[in-house]
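Q: My structure is below; once you've seen it, I'll send some questions.
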Amino acid sequence: MPNQSRPKVKKSRALGIALTPKAVKYFEARPYPPGEHGRGRKQNSDYKVRLLEKQRLRAQYDISERQMVRAYDRARKAEGKTGEALVVELERRLDALVLRSGIARTIYQARQMVVHGHIEVNGGKVDKPSFRVAPNDVVMVRERSRSKPLFETARAGGFAAEGETPRYLQVNLGALAFRLDRLPNRKEVPVICDEQLVVEYYAR
């Protein structure tokens with residue numbers, strides 16, 4: 001089951017970020033929250049600002065609050081800045097990396113690919129989107145799934161995002177495969193978020 005049932009365009013406008021390629025043009029045309037008061041001037045408390053930033057990060061990975069809290073708890077125990085460690089924790093999710101590789105077009109599509117058993121890691125099927133990929137793990141579309149039209153489109157580069165593939169991934173779209181070379185640096189992860197505000201939200 002998807003974590004968020006709210007229409008993606010409306011949710012994108014509420015959070016101030018485009019969550020899907022389709023939402024981009026709608027968001028550009030109406031870059032304000034939905035509803036009759038969307039364009040009104042609002043007073044934002046410190047709590048509300050931090051809450052919104054946390055929701056923005058959650059939405060970009062399409063995860064539940066419980067999954068977010070678990071990732072935050074692991075990040076707190078990691079070396080370095082907690083906020084940066086949190087983003088790295090989330091970026092290690094299997095569905096997130098399937099998206100970054102260009103095999104999927106959106107995080108929602110990537111989640112479906114994993115849940116439906118189309119993805120394997122190091123030769124074994126993994127159907128949990130939250131699976132944490134480790135450096136040197138090899139991820140690929142399973143042999144039995146590669147002939148499906150969806151993956152033919154991916155192989156042809158139809159889902160690849162504009163710009164460079166993240167440097168922490170070694171991608172072979174022709175083989176519908178990629179490897180996580182190393183853990184990413186925060187500045188390499190293409191999510192829109194002030195992660196320090198998220199840390200402050202959970203530390204309150």
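Chain identifiers are assigned as A, B, and so on, following the order in which chains appear in the structure tokens; residues are numbered from 1 within each chain, and ligands are numbered from 1 in order of appearance.
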As an MDAnalysis selection string, list the residues of stretch 10-168 of chain A assigned to alpha helix (DSSP H) by DSSP on the backbone atoms of this structure.
A: chainID A and resid 10:15 21:29 46:61 65:77 82:91 94:101 107:115 149:155
Q: Please, which residues in stretch 58-121 of chain A fall within 6 Å of stretch 129-141 of chain A when counting only C-alpha atoms, and what is the closest atom pair and distance in Å to one decimal for each, ordered by chain then residue number, as JSON lines?
A:
```
{"residue": "A:Arg92", "atom": "CA", "partner": "A:Arg132", "partner_atom": "CA", "distance": 5.2}
{"residue": "A:Arg93", "atom": "CA", "partner": "A:Arg132", "partner_atom": "CA", "distance": 4.8}
{"residue": "A:Leu94", "atom": "CA", "partner": "A:Pro129", "partner_atom": "CA", "distance": 5.3}
{"residue": "A:Asp95", "atom": "CA", "partner": "A:Pro129", "partner_atom": "CA", "distance": 4.9}
{"residue": "A:Arg111", "atom": "CA", "partner": "A:Pro129", "partner_atom": "CA", "distance": 5.7}
{"residue": "A:Val114", "atom": "CA", "partner": "A:Pro129", "partner_atom": "CA", "distance": 5.8}
{"residue": "A:His118", "atom": "CA", "partner": "A:Val141", "partner_atom": "CA", "distance": 5.7}
{"residue": "A:Ile119", "atom": "CA", "partner": "A:Val141", "partner_atom": "CA", "distance": 4.6}
{"residue": "A:Glu120", "atom": "CA", "partner": "A:Met140", "partner_atom": "CA", "distance": 5.6}
{"residue": "A:Val121", "atom": "CA", "partner": "A:Val139", "partner_atom": "CA", "distance": 4.5}
```
Q: From the options A:Val98, A:Ile63, A:Leu19, A:Met68, which residue's atoms come nearest to A:Tyr201, counting only C-alpha atoms?
A: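 Smallest distance to A:Tyr201 is found for A:Met68.
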Q: Enumerate, as a VMD selection string, the complete set of residues in stretch 3-188 of chain A that a backbone-based DSSP assignment places in strand (DSSP E or B).
A: chain A and resid 93 119 to 121 124 to 125 132 138 to 141 169 to 172 177 to 180
Q: With 8 Å as the cut-off and only C-alpha atoms counted, what is the closest atom pair between each nearby residue of stretch 55-132 of chain A and stretch 180-187 of chain A? Distances in Å to one decimal, ordered by chain and number, as a Markdown table.
A:
```
| residue | atom | partner | partner_atom | distance |
| --- | --- | --- | --- | --- |
| A:Glu84 | CA | A:Arg186 | CA | 5.6 |
| A:Ala85 | CA | A:Arg186 | CA | 7.9 |
| A:Val87 | CA | A:Arg186 | CA | 6.7 |
| A:Val88 | CA | A:Pro184 | CA | 6.3 |
| A:Glu91 | CA | A:Pro184 | CA | 7.9 |
| A:Arg92 | CA | A:Leu183 | CA | 7.8 |
```
Q: Suppose you want the space between atom CA of A:Asn172 and atom CA of A:Glu188; what is it in Å?
A: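 These atoms are spaced 19.4 Å apart.
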Q: Using only C-alpha atoms, which of the listed residues (A:Gly16, A:Gly102, A:Gly80, A:Pro149) sits closest to A:Gln60?
A: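 Smallest distance to A:Gln60 is found for A:Gly16.
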Q: Might you pull out every residue within 12 Å of A:Ala160, with only C-alpha atoms counted and same-chain residues fewer than 6 positions away left off, and present them as a PyMOL selection string?
A: chain A and resi 21+98-106+151+153-154+166+171-173+176
Q: Okay, now the selection with C-alpha atoms, as a PDB file, in the first residue's frame?
A:
```
ATOM      1  CA  PRO A  21       7.652  14.970 -13.436  1.00  0.00           C
ATOM      2  CA  VAL A  98      16.168   2.319  -8.224  1.00  0.00           C
ATOM      3  CA  LEU A  99      14.799   5.805  -8.910  1.00  0.00           C
ATOM      4  CA  ARG A 100      18.225   7.474  -8.990  1.00  0.00           C
ATOM      5  CA  SER A 101      19.544   4.851 -11.411  1.00  0.00           C
ATOM      6  CA  GLY A 102      16.956   5.735 -14.040  1.00  0.00           C
ATOM      7  CA  ILE A 103      15.236   2.357 -13.923  1.00  0.00           C
ATOM      8  CA  ALA A 104      12.119   4.045 -12.514  1.00  0.00           C
ATOM      9  CA  ARG A 105      10.571   7.428 -13.327  1.00  0.00           C
ATOM     10  CA  THR A 106       9.186   8.258  -9.861  1.00  0.00           C
ATOM     11  CA  PHE A 151      11.692  -2.092 -18.406  1.00  0.00           C
ATOM     12  CA  THR A 153      11.418   1.888 -21.720  1.00  0.00           C
ATOM     13  CA  ALA A 154      13.875   2.111 -18.829  1.00  0.00           C
ATOM     14  CA  PRO A 166      24.713  10.503  -8.983  1.00  0.00           C
ATOM     15  CA  VAL A 171      24.760   2.451 -13.751  1.00  0.00           C
ATOM     16  CA  ASN A 172      24.385   0.207 -16.794  1.00  0.00           C
ATOM     17  CA  LEU A 173      20.887   0.909 -18.134  1.00  0.00           C
ATOM     18  CA  LEU A 176      19.109  -2.715 -16.208  1.00  0.00           C
TER      19      LEU A 176
END
```
Q: Smallest atom-to-atom distance to A:Val189: which of A:Ser64, A:Thr82, A:Thr165, A:Asn44, using only C-alpha atoms?
A: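 Closest residue, counting only C-alpha atoms: A:Thr165.
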Q: Which value, in Å to one decimal, gives the distance between atom CA of A:Arg50 and atom CA of A:Val199?
A: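 Between atom CA of A:Arg50 and atom CA of A:Val199 the gap is 8.6 Å.
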Q: Calculated over only C-alpha atoms, which of the candidates A:Ile107, A:Ala175, A:Leu169, A:Ala96 has the smallest distance to A:Glu152?
A: A:Ala175
